[in-house]
Structure formats: C-alpha cells, structure tokens
Amino acid sequence: MTGPDPILLTLFANRFMSVAEAMGRSLQQTSISTNIKERLDFSCALFAPDGDLVANAPFIPIHLGSMSFAVKYQMKLYGKELKDGDVYMTNSPHAGGSHLPDITIITPVFDTESNEIIFFTASRGHHADIGGILPGSMPPTSVNIFEEGAEIVSFKIVDGGVFDQKGLYEYMVDKPAQYPGSSGCRNIKDVESDLKAQIAANYKGAQLIRAIVTDYGLKTVQEYMHHIRANAENSVRNLLRDVAERAGSNVLTSVDYLDDGTPIQLKVEINKEAGSAVLDFEGTGCEVRGNLNSPISVVHSAVIYCMRAMLDVDIPLNAGCLVPLDIRIPQKSLLSPSRTAAVCGGNVLTSQRIVDVVLKAFHACAASQGCTNNLTFGTGGKNKDGVAVAGWGYYETIAGGSGAGPGWHGTSGVHTHITNTRIGDVEILERRYPVLLHRFGLRSESGGDGKWRGGDGVIREFEVTHGLQVSILSERRTRAPYGMEGGESAMMGRNTWIKQRRKEDGDLLEGEDQEPRHVNIGGKATVFMGKGDRLLIETPGGGGWGLPSNAVAGVLRHKPVWEARGSFAERAAAQASF
C-alpha cells in the first residue's frame, strides 16, 4: 500500500461522510415519530468489513462510538451466514447496544462480483417507547433491564429481502409483557414504521457506497478507507504527545462523582515516544442498583468523542482515534455491569460524567451540565389489574450550559457533549400531545463565573391537560458542575412538581390553603400528574474557567447571546435562499 494522495484522502473522507449524511436525510424524511423526525435522535454510519467505524456524519456521539461493537457482535454471531438481502436488528447492551430504546439496524454490503462483504451500513435510532414498566421506556426507578423494555440480542428483521413483521411483534410486544409489571411496546405501529425507515436508510447507504466503488474500484476505495483511519490514529498520537509536553508529566488523573456518590476515577499514562496512552478506570465504583450502569461500548463512545473533540484537525470520527488507546475498565464496576443490570440512565447520564472526567484529566475545559435531563410522559401499558391498555410515550432531552475553557465562554442552552439532539418544538409538542408549554428560556446566572464564564442552563415548564404519567431522569441535582483554574461551579439543576390540590388526593381541605403545592421531586422520579399540574425543570449550567478577577480590564461581564438553532435556524436559512 503506497502513501495516500492528500487530495484523494480529503475527497474520500468527504465521500464517505456524504454517504452517512445521505442516510441521515433519508431516515429523517421517511420516519414518522417526533423523536426521530423532529428531534433527530438518530445516527447513521459506515463500517469496514471488520466492523470498524469508517465515517459518519455529525449525529449523536454516544451512538457513533458504540455502534462498531454492535456490528462486530453480529459478525461474530453469524460469521459466514451473513448474506445479501439480510438486515439485522439489535439493542442489547450485551451485544454492543447503549440502552434499549436505541435500536440498531445493520446491513452488510456485498461486492456484486466477488460476493464478499465490502462494507456495513448501520443506523441507530431512539424509539420513544419499546415497552417496560413506564411510558417512554426510560423509567427513573428501574433496577433491572427487564423493566426497561424489549431487549434484542439479534433479530433478522429482513430475511432474504422479506420483512419479518410477525417476529418484530413477538420481540417488541409479546416478550416484554411477560415480565411482571412490564408492558410491550405501547405504539408498535410508529416503531415499525421508523424501523422500516432505518432499513431504507441503510439501503440508500449501500447504493451510494457501491457507486463509489464503481467510480474508483474496490481496491482504491478500501486503501483510502485504511488511510483515513491511519490519519485519525496519527492525529491522536500527536495529541497525546502534545498533552504530555504541555502538562510536564505523562501521568494525568481525575475523579468525579455521580449524585449518589459513586466515583468515576481515571488515570491516564502517556507514552510520549509511541504517542499512545493507557486510560485506566480503576477506582470507579461498583455496579449500582439503579439504572446509571454504563455498558462498555458507551465508555468507549465517550472516550473516542473526547479524543476527536480535542483534535484541532478536521477529520471524520472513526476507529483510528482508538488505536493508540488502551482502555481498561474494572470488572463488576459501574462501567462494566452484569448482564441484567439496568442501564437506561448510564447511556445518557453516566456517559456525560465520563466525558467530564476525561476532559478534566486532559485539563481541556470545565464541567458541562453533565446531564441530558431526560423527560418522558405518556399513557398506556398494564393497568392495576394487569390488563394491557393501548397508549403512547413521548421522550425528550433538555439543554443546559457547557463548560468554559482557556479562551472561550461556555455556550448557554445547548445539548452538550455526547448528545446532539434537538428539543421538541413547542408547536409540535402542543399539537400532538396533551401538554401546554408555559416557559422555555435561559436560566439566568446559572453558569459558573470566571475569567471565562460557563454557559447558562434553561428553564422549561409545561402543564398537562389531562392525567399523564410523567418521569424525569437527571443528574447534577446534588453535585454542581465544577469550574477549573479558579472558575466557579455552576448552579445545580432542580425538578419541581407544581401540583394542584385535589380532594381525591387528600391535599384539598376546606378552610386551608388552596394554592398549588411546590414539590421538589429530586433527580430521578416518576409521578402521575393530573389535569392542570405543571413540571418545572431548571437545568444545570456549565462551570467557569479562571479567576473572575483575572478578567482583562475594560471587558464587560459576558452575557449569553441568543442564537437561532434547530428549526429556527433552518427556517431562517430557507427564507434567505429565496
């Protein structure tokens, strides 16, 4: 293999990324759920014949780093039995999944001449309900994986070009309902439709990658696939050498804690000559009874995201970023839980804390909000008599503040680090669901002060218009996002139930206060909210960087500036194009 032509290297990197982007556009356009179509909670990527990540578009970082584990698991499981026309479905954390709502669809791409696998296309989408004990399938009270919904190690959803609807219903509806207190998928038609959209997106990617092979030849395409990975590997090696040089030491350490006190500890030992590093999480707490356990694939996702984020070069996120790293995870720990451990919060909350710990060790920036503020609500499932009732589930993550760094202020009201989704648009939210949004704005002064100020969190308050089961799964409610280099910590988050008093609840008594009760429900709770009840969510800010007194004379205190993002930005861009 000769050295890469720099022009062709850039061309192929962008061609590979364009395949993933086209898959994403196809998935968004053909899906029907709010979570995938509007909130964009999905990822698409291209994988090498050995299952390594080749390229992706800027989707959800926590998906992209772990999808390779899922592809490799199916390769190992089926081996030579993989054939053209088959499509595989999986979501099990044991099989490379993140948490159960994230369903991965994997399609092997075969060469038309040799009939050998030349690539894999894969897509992962968060489905708003896949069964379990609560609508939305993100139960804050789950203590084992069976309470979180349908778990699928491997299912051939398309066999020889034929869609297996009967098998899908068995996995998604019948099997989850067999566990006491759990229900099957509450809205299987939406899930089925979105899974078909994922299958179509994979097919689109397969068509495009075959077109690239036709243009350049398989040998050239695969050579540059390896060159792109090697380029990422060399970039990370140079980063590690530079970090050791600036730190004046080849050993970096950090520790942070979940709200329940569980430590996540990291020691990084850098080999300057080789440009490699050992990342050892020894000292991290044991598996927890709740759902903050994080699968190994999620740990790798968080680490590969951090490496890519710290690189000052424009390269695709791919498996090359992990080659110089030896990631060591202690067995039976929070980061390597047992097979039946609950994990729905580990993917969205613990992963954020892993990112903070890694960036803290590398002295890159202050802590972000460290949370995704997972809100779910809905109806249906098994009633008190054990009878299944049709229903639905809604899910969203809520923005906060990002941490400041050496030379920049944190960003306010943004999804940070491993998440990259949108918030639900108010027009769609109120039209499709029985809720009214009363407030949504920045939470003033919630970011940590400093020479460089942390971003502010947000306030989101909504009212339910009829009875709903409402759940919140969040962190940074008892431990504030820290500042660095003398910067101050940000404000912690808070979840408040504004409950109307009712005779049937026993809290409306004649002659006593008729005003609504304000109840702090903590970071992880589920409540049945009646008509007129509200939930007020105040998300954490980001930590500050540097002593406030170090600010340059004459520079005014930084104030967050509102910028159009998401659908607002898309609308403005569309109007400007006319």
# chains A, B, ... in the order shown; residues from 1 in each chain; ligands from 1
$ residues_around --residues "Leu429 of chain A" --least-positions-apart "6" --cutoff "10 Å" --atoms "only C-alpha atoms" --output "PyMOL selection string"
chain A and resi 34+394+423+435-437
$ write_last_selection --atoms "N, CA, C and O atoms" --output "PDB file, in the first residue's frame"
ATOM      1  N   THR A  34     -41.957  11.755  16.383  1.00  0.00           N
ATOM      2  CA  THR A  34     -41.393  13.043  16.793  1.00  0.00           C
ATOM      3  C   THR A  34     -39.929  12.892  17.165  1.00  0.00           C
ATOM      4  O   THR A  34     -39.094  13.747  16.848  1.00  0.00           O
ATOM      5  N   TYR A 394     -43.774   9.741  25.042  1.00  0.00           N
ATOM      6  CA  TYR A 394     -43.010  10.871  24.492  1.00  0.00           C
ATOM      7  C   TYR A 394     -41.706  10.995  25.267  1.00  0.00           C
ATOM      8  O   TYR A 394     -41.659  10.786  26.477  1.00  0.00           O
ATOM      9  N   ILE A 423     -34.431  19.853  20.951  1.00  0.00           N
ATOM     10  CA  ILE A 423     -35.544  19.847  21.877  1.00  0.00           C
ATOM     11  C   ILE A 423     -36.831  19.734  21.045  1.00  0.00           C
ATOM     12  O   ILE A 423     -36.847  20.077  19.855  1.00  0.00           O
ATOM     13  N   VAL A 435     -50.227  18.620  26.346  1.00  0.00           N
ATOM     14  CA  VAL A 435     -49.431  19.469  27.225  1.00  0.00           C
ATOM     15  C   VAL A 435     -49.426  20.902  26.689  1.00  0.00           C
ATOM     16  O   VAL A 435     -49.621  21.131  25.488  1.00  0.00           O
ATOM     17  N   LEU A 436     -49.198  21.844  27.589  1.00  0.00           N
ATOM     18  CA  LEU A 436     -49.009  23.250  27.230  1.00  0.00           C
ATOM     19  C   LEU A 436     -47.656  23.696  27.770  1.00  0.00           C
ATOM     20  O   LEU A 436     -47.357  23.462  28.947  1.00  0.00           O
ATOM     21  N   LEU A 437     -46.855  24.330  26.937  1.00  0.00           N
ATOM     22  CA  LEU A 437     -45.544  24.813  27.367  1.00  0.00           C
ATOM     23  C   LEU A 437     -45.681  26.255  27.831  1.00  0.00           C
ATOM     24  O   LEU A 437     -46.048  27.132  27.047  1.00  0.00           O
TER      25      LEU A 437
END
$ select_by_dssp --residues "segment 132-296 of chain A" --states "helix (DSSP H, G or I)" --output "number ranges by chain"
A: 145-148, 165-174, 176-178, 188-216, 218-247, 296
$ residues_around --residues "segment 320-331 of chain A" --least-positions-apart "2" --cutoff "6 Å" --atoms "only C-alpha atoms" --output "list in words"
Arg229, Ala230, Ala232, Glu233, Val236, Ser276, Ala277, Val278, Leu279, Asp280, Phe281, Glu282, Asn318, Ser333 and Ser336 of chain A
$ residues_around --residues "Ile188 of chain A" --least-positions-apart "2" --cutoff "12 Å" --atoms "only C-alpha atoms" --output "PyMOL selection string"
chain A and resi 33+127-131+150+165-166+168-174+183-186+190-195+390-393
$ closest_atom_pairs --of "segment 433-550 of chain A" --to "segment 367-375 of chain A" --cutoff "8 Å" --atoms "only C-alpha atoms" --output "Markdown table"
| residue | atom | partner | partner_atom | distance |
| --- | --- | --- | --- | --- |
| A:Gly457 | CA | A:Gln369 | CA | 7.5 |
| A:Val470 | CA | A:Leu375 | CA | 7.6 |
| A:Ser471 | CA | A:Leu375 | CA | 5.9 |
| A:Ile472 | CA | A:Leu375 | CA | 4.8 |
| A:Leu473 | CA | A:Asn374 | CA | 5.0 |
| A:Ser474 | CA | A:Asn373 | CA | 4.7 |
| A:Glu475 | CA | A:Cys371 | CA | 5.4 |
| A:Arg476 | CA | A:Gly370 | CA | 6.5 |
| A:Pro481 | CA | A:Ala367 | CA | 5.2 |
| A:Tyr482 | CA | A:Ala367 | CA | 5.4 |
| A:Gly483 | CA | A:Ala367 | CA | 6.4 |
| A:Thr539 | CA | A:Asn373 | CA | 7.1 |
| A:Pro540 | CA | A:Gln369 | CA | 5.0 |
| A:Gly541 | CA | A:Gln369 | CA | 5.2 |
| A:Gly542 | CA | A:Ser368 | CA | 4.4 |
| A:Gly543 | CA | A:Ala367 | CA | 5.3 |
$ select_by_dssp --residues "segment 176-381 of chain A" --states "strand (DSSP E or B)" --output "VMD selection string"
chain A and resid 183 251 to 257 263 to 271 276 to 280 286 325 to 328 333 374 to 381
